[in-house]
Amino acid sequence: MPEGRGVGASERKPRILIVDDQPEIRQAVHIALRNGNYEFRFAENGRVGLATAFSETPDLLLLDLHMPEMLGTEVCRHLKASLVTRHIPILILTSEEGTDSVVAALEAGADDFVRKPFDPRELQARVATLLRRMSNYFNTDPLTKLPGNALLREELQRRLDSGESMAVCYIDLDNFKAYVDTYGFEPASRVIQETARICYDEMVERGAPGDFIGHIGGDDFVIVSTHEHAAPICDGLIARFEARRGAFYNEQDLAQGYFHGHDRDGNERDFPLMTITIAVLLPSLHGITTLNGLAAEAARCKHILKALPGSNYRLFGS
């Protein structure tokens, strides 16, 4: 399964999450849509699908109704109840005849449905329609109210085309997925909203007049500033986040300095409290002239920083 968000790509592919307990159905959907210039994520049951939708914020979710561990209708209700995921369009896949199951899914928040076995052309058309409807609906992130991916890409492209000097601060949280799995979706929503406020406040207080902030999705943010303002912004971000982090945890976890959760392989272990990682890129010094190049370098730099303990930032290429 491909990793990463592809953030900053000049033509970011819509990300589709396929949730079905039958591998052959997941494969059939993938084959039907693979020529549509999409990225794909897969989940084998409702519980995994719900966690993946929250942590990766796909652009569309294809969801089977009857699965082990969690029914599709229950997944719909959870997704539509959360500020983080309520905007994601949901296309139901069902093999049931009649209308009762479809009505139940629509009442739970699904946006459309396709019956199995499906006609690939119908599936392609319904997926394209839902994605087009959502792209016209908003360019601002519904949770944080910050500019979203489309506006962020436009701003970065404009600055790259103009050749102006800039510092691009890629910000994300460490151990956030484990926090989501342990504390739940609504507390995690509050973490994202508070992080957005911290980022915005720091940009306003320590940044330059022409700075820009965007919310990529999930726990990922970007601040575009100048070389001389980047370090003060990062210092302030880390200080504010760590000062407010205590509100995210219960007393026991906060006192011991870690919380118990599951890693990506499902193994139980202890996780440090969330920290913040900021990779600062200076495109003109890196020789970066494209959004694809900027995204690739950001991923490489964040990987380096995330291997370090605690909150960290670094100006790469300075």
# chains A, B, ... in the order shown; residues from 1 in each chain; ligands from 1

$ closest_atom_pairs --of "stretch 25-77 of chain A" --to "stretch 205-225 of chain A" --cutoff "8 Å" --atoms "only C-alpha atoms" --output "CSV"
residue,atom,partner,partner_atom,distance
A:Phe54,CA,A:Gly218,CA,7.4
A:Ser55,CA,A:Gly218,CA,6.0
A:Glu56,CA,A:Gly218,CA,6.3
A:Thr57,CA,A:Gly218,CA,6.2

$ write_last_selection --atoms "C-alpha atoms" --output "compact mmCIF listing (two decimals), in the first residue's frame"
# COMPACT_ATOMS: atom_id res chain seq x y z
CA PHE A 54 -9.56 9.55 10.41
CA SER A 55 -5.77 9.40 10.22
CA GLU A 56 -5.40 9.84 6.44
CA THR A 57 -8.48 11.96 5.56

$ closest_atom_pairs --of "stretch 9-63 of chain A" --to "stretch 73-96 of chain A" --cutoff "7 Å" --atoms "only C-alpha atoms" --output "tab-separated table"
residue	atom	partner	partner_atom	distance
A:Gly46	CA	A:Val75	CA	6.2
A:Leu50	CA	A:Val75	CA	6.2
A:Phe54	CA	A:Thr85	CA	6.2
A:Thr57	CA	A:Thr85	CA	6.7
A:Asp59	CA	A:Ile88	CA	6.0
A:Leu60	CA	A:Pro89	CA	5.2
A:Leu61	CA	A:Ile90	CA	4.9
A:Leu62	CA	A:Leu91	CA	4.9
A:Leu63	CA	A:Ile92	CA	4.9

$ select_by_dssp --residues "stretch 201-300 of chain A" --states "helix (DSSP H, G or I)" --output "PyMOL selection string"
chain A and resi 201-206+227-248+251-256+283-286+291-300

$ residues_around --residues "stretch 264-281 of chain A" --least-positions-apart "6" --cutoff "8 Å" --atoms "only C-alpha atoms" --output "MDAnalysis selection string"
chainID A and resid 167:176 178:179 230 234 238 241:242 245 254 257:258 297:298 301:302 305:306 310:317

$ write_last_selection --atoms "C-alpha atoms" --output "PDB file, in the first residue's frame"
ATOM      1  CA  ALA A 167      10.982  29.119   3.922  1.00  0.00           C
ATOM      2  CA  VAL A 168       8.389  26.330   3.841  1.00  0.00           C
ATOM      3  CA  CYS A 169       7.715  24.865   7.289  1.00  0.00           C
ATOM      4  CA  TYR A 170       6.190  21.380   7.146  1.00  0.00           C
ATOM      5  CA  ILE A 171       4.608  20.675  10.530  1.00  0.00           C
ATOM      6  CA  ASP A 172       3.173  17.450  11.913  1.00  0.00           C
ATOM      7  CA  LEU A 173       2.589  15.668  15.204  1.00  0.00           C
ATOM      8  CA  ASP A 174       4.463  12.612  16.423  1.00  0.00           C
ATOM      9  CA  ASN A 175       2.474   9.660  17.857  1.00  0.00           C
ATOM     10  CA  PHE A 176      -0.796  11.230  16.715  1.00  0.00           C
ATOM     11  CA  ALA A 178      -1.612   6.140  18.470  1.00  0.00           C
ATOM     12  CA  TYR A 179      -3.316   8.997  20.310  1.00  0.00           C
ATOM     13  CA  ALA A 230      11.346  30.600  10.199  1.00  0.00           C
ATOM     14  CA  CYS A 234       9.432  27.138  14.974  1.00  0.00           C
ATOM     15  CA  ILE A 238       7.301  24.021  19.923  1.00  0.00           C
ATOM     16  CA  PHE A 241       2.514  23.122  21.805  1.00  0.00           C
ATOM     17  CA  GLU A 242       4.398  21.629  24.733  1.00  0.00           C
ATOM     18  CA  ARG A 245      -0.087  19.494  25.515  1.00  0.00           C
ATOM     19  CA  LEU A 254       0.413  13.029  31.837  1.00  0.00           C
ATOM     20  CA  GLY A 257       4.871  10.902  30.551  1.00  0.00           C
ATOM     21  CA  TYR A 258       3.540   8.225  28.200  1.00  0.00           C
ATOM     22  CA  GLU A 297      12.305  16.778  -0.194  1.00  0.00           C
ATOM     23  CA  ALA A 298       9.834  17.522   2.607  1.00  0.00           C
ATOM     24  CA  CYS A 301      13.557  15.744   5.732  1.00  0.00           C
ATOM     25  CA  LYS A 302      10.625  14.872   7.976  1.00  0.00           C
ATOM     26  CA  LEU A 305      13.649  14.504  12.055  1.00  0.00           C
ATOM     27  CA  LYS A 306      11.086  11.942  13.185  1.00  0.00           C
ATOM     28  CA  GLY A 310      11.034  14.930  21.417  1.00  0.00           C
ATOM     29  CA  SER A 311       9.952  18.022  19.498  1.00  0.00           C
ATOM     30  CA  ASN A 312      12.388  19.161  16.811  1.00  0.00           C
ATOM     31  CA  TYR A 313      12.833  21.516  13.896  1.00  0.00           C
ATOM     32  CA  ARG A 314      15.630  22.017  11.415  1.00  0.00           C
ATOM     33  CA  LEU A 315      16.304  24.386   8.560  1.00  0.00           C
ATOM     34  CA  PHE A 316      17.479  22.141   5.738  1.00  0.00           C
ATOM     35  CA  GLY A 317      19.817  23.636   3.182  1.00  0.00           C
TER      36      GLY A 317
END

$ residues_around --residues "stretch 192-194 of chain A" --least-positions-apart "4" --cutoff "7 Å" --atoms "only C-alpha atoms" --output "short mmCIF file (atom, residue, chain, number, x, y, z; two decimals) with C-alpha atoms, in the first residue's frame"
data_model
loop_
_atom_site.label_atom_id
_atom_site.label_comp_id
_atom_site.auth_asym_id
_atom_site.auth_seq_id
_atom_site.Cartn_x
_atom_site.Cartn_y
_atom_site.Cartn_z
CA LEU A 143 -12.19 21.48 10.85
CA THR A 144 -9.58 24.22 11.21
CA ALA A 188 -8.07 14.10 18.49
CA ILE A 198 -0.99 27.58 17.72
CA ASP A 219 -2.19 16.52 11.74
#

$ residues_around --residues "A:Leu71" --least-positions-apart "6" --cutoff "9 Å" --atoms "only C-alpha atoms" --output "number ranges by chain"
A: 45-47, 64-65

$ residues_around --residues "A:Gln157" --least-positions-apart "4" --cutoff "12 Å" --atoms "only C-alpha atoms" --output "list in words"
Gly8, Ala9, Ser10, Glu11, Asn149, Ala150, Leu151, Leu152, Arg153, Asp161, Ser162, Gly163, Glu164, Met166, Val224, Pro283, Ile288, Thr289, Thr290, Leu291, Asn292, Gly293, Leu294 and Ala295 of chain A

$ select_by_dssp --residues "stretch 143-280 of chain A" --states "strand (DSSP E or B)" --output "PyMOL selection string"
chain A and resi 147+167-174+212-217+220-225+258-262+268-272+275-280

$ write_last_selection --atoms "C-alpha atoms" --output "PDB file, in the first residue's frame"
ATOM      1  CA  PRO A 147      -6.797  27.186   3.640  1.00  0.00           C
ATOM      2  CA  ALA A 167      10.982  29.119   3.922  1.00  0.00           C
ATOM      3  CA  VAL A 168       8.389  26.330   3.841  1.00  0.00           C
ATOM      4  CA  CYS A 169       7.715  24.865   7.289  1.00  0.00           C
ATOM      5  CA  TYR A 170       6.190  21.380   7.146  1.00  0.00           C
ATOM      6  CA  ILE A 171       4.608  20.675  10.530  1.00  0.00           C
ATOM      7  CA  ASP A 172       3.173  17.450  11.913  1.00  0.00           C
ATOM      8  CA  LEU A 173       2.589  15.668  15.204  1.00  0.00           C
ATOM      9  CA  ASP A 174       4.463  12.612  16.423  1.00  0.00           C
ATOM     10  CA  PHE A 212       0.742  31.975   4.464  1.00  0.00           C
ATOM     11  CA  ILE A 213      -0.647  29.044   6.452  1.00  0.00           C
ATOM     12  CA  GLY A 214      -2.410  25.927   5.155  1.00  0.00           C
ATOM     13  CA  HIS A 215      -3.861  22.724   6.592  1.00  0.00           C
ATOM     14  CA  ILE A 216      -2.834  19.757   4.475  1.00  0.00           C
ATOM     15  CA  GLY A 217      -5.121  17.390   6.369  1.00  0.00           C
ATOM     16  CA  ASP A 220      -0.173  18.108   8.915  1.00  0.00           C
ATOM     17  CA  PHE A 221       0.187  21.882   8.465  1.00  0.00           C
ATOM     18  CA  VAL A 222       2.381  24.198   6.393  1.00  0.00           C
ATOM     19  CA  ILE A 223       3.550  27.739   7.120  1.00  0.00           C
ATOM     20  CA  VAL A 224       5.209  29.664   4.307  1.00  0.00           C
ATOM     21  CA  SER A 225       7.429  32.427   5.672  1.00  0.00           C
ATOM     22  CA  TYR A 258       3.540   8.225  28.200  1.00  0.00           C
ATOM     23  CA  PHE A 259       0.336   6.446  27.192  1.00  0.00           C
ATOM     24  CA  HIS A 260      -0.481   2.853  26.309  1.00  0.00           C
ATOM     25  CA  GLY A 261      -1.640   2.153  22.768  1.00  0.00           C
ATOM     26  CA  HIS A 262      -1.179   0.086  19.615  1.00  0.00           C
ATOM     27  CA  GLU A 268       0.513  -3.017  22.291  1.00  0.00           C
ATOM     28  CA  ARG A 269       3.224  -0.727  23.605  1.00  0.00           C
ATOM     29  CA  ASP A 270       3.852   2.533  25.413  1.00  0.00           C
ATOM     30  CA  PHE A 271       4.083   5.767  23.407  1.00  0.00           C
ATOM     31  CA  PRO A 272       5.677   9.060  24.454  1.00  0.00           C
ATOM     32  CA  THR A 275       5.556  16.030  20.158  1.00  0.00           C
ATOM     33  CA  ILE A 276       5.831  18.275  17.125  1.00  0.00           C
ATOM     34  CA  THR A 277       8.197  17.929  14.158  1.00  0.00           C
ATOM     35  CA  ILE A 278       8.925  20.819  11.777  1.00  0.00           C
ATOM     36  CA  ALA A 279      11.016  20.402   8.634  1.00  0.00           C
ATOM     37  CA  VAL A 280      11.896  23.795   7.156  1.00  0.00           C
TER      38      VAL A 280
END
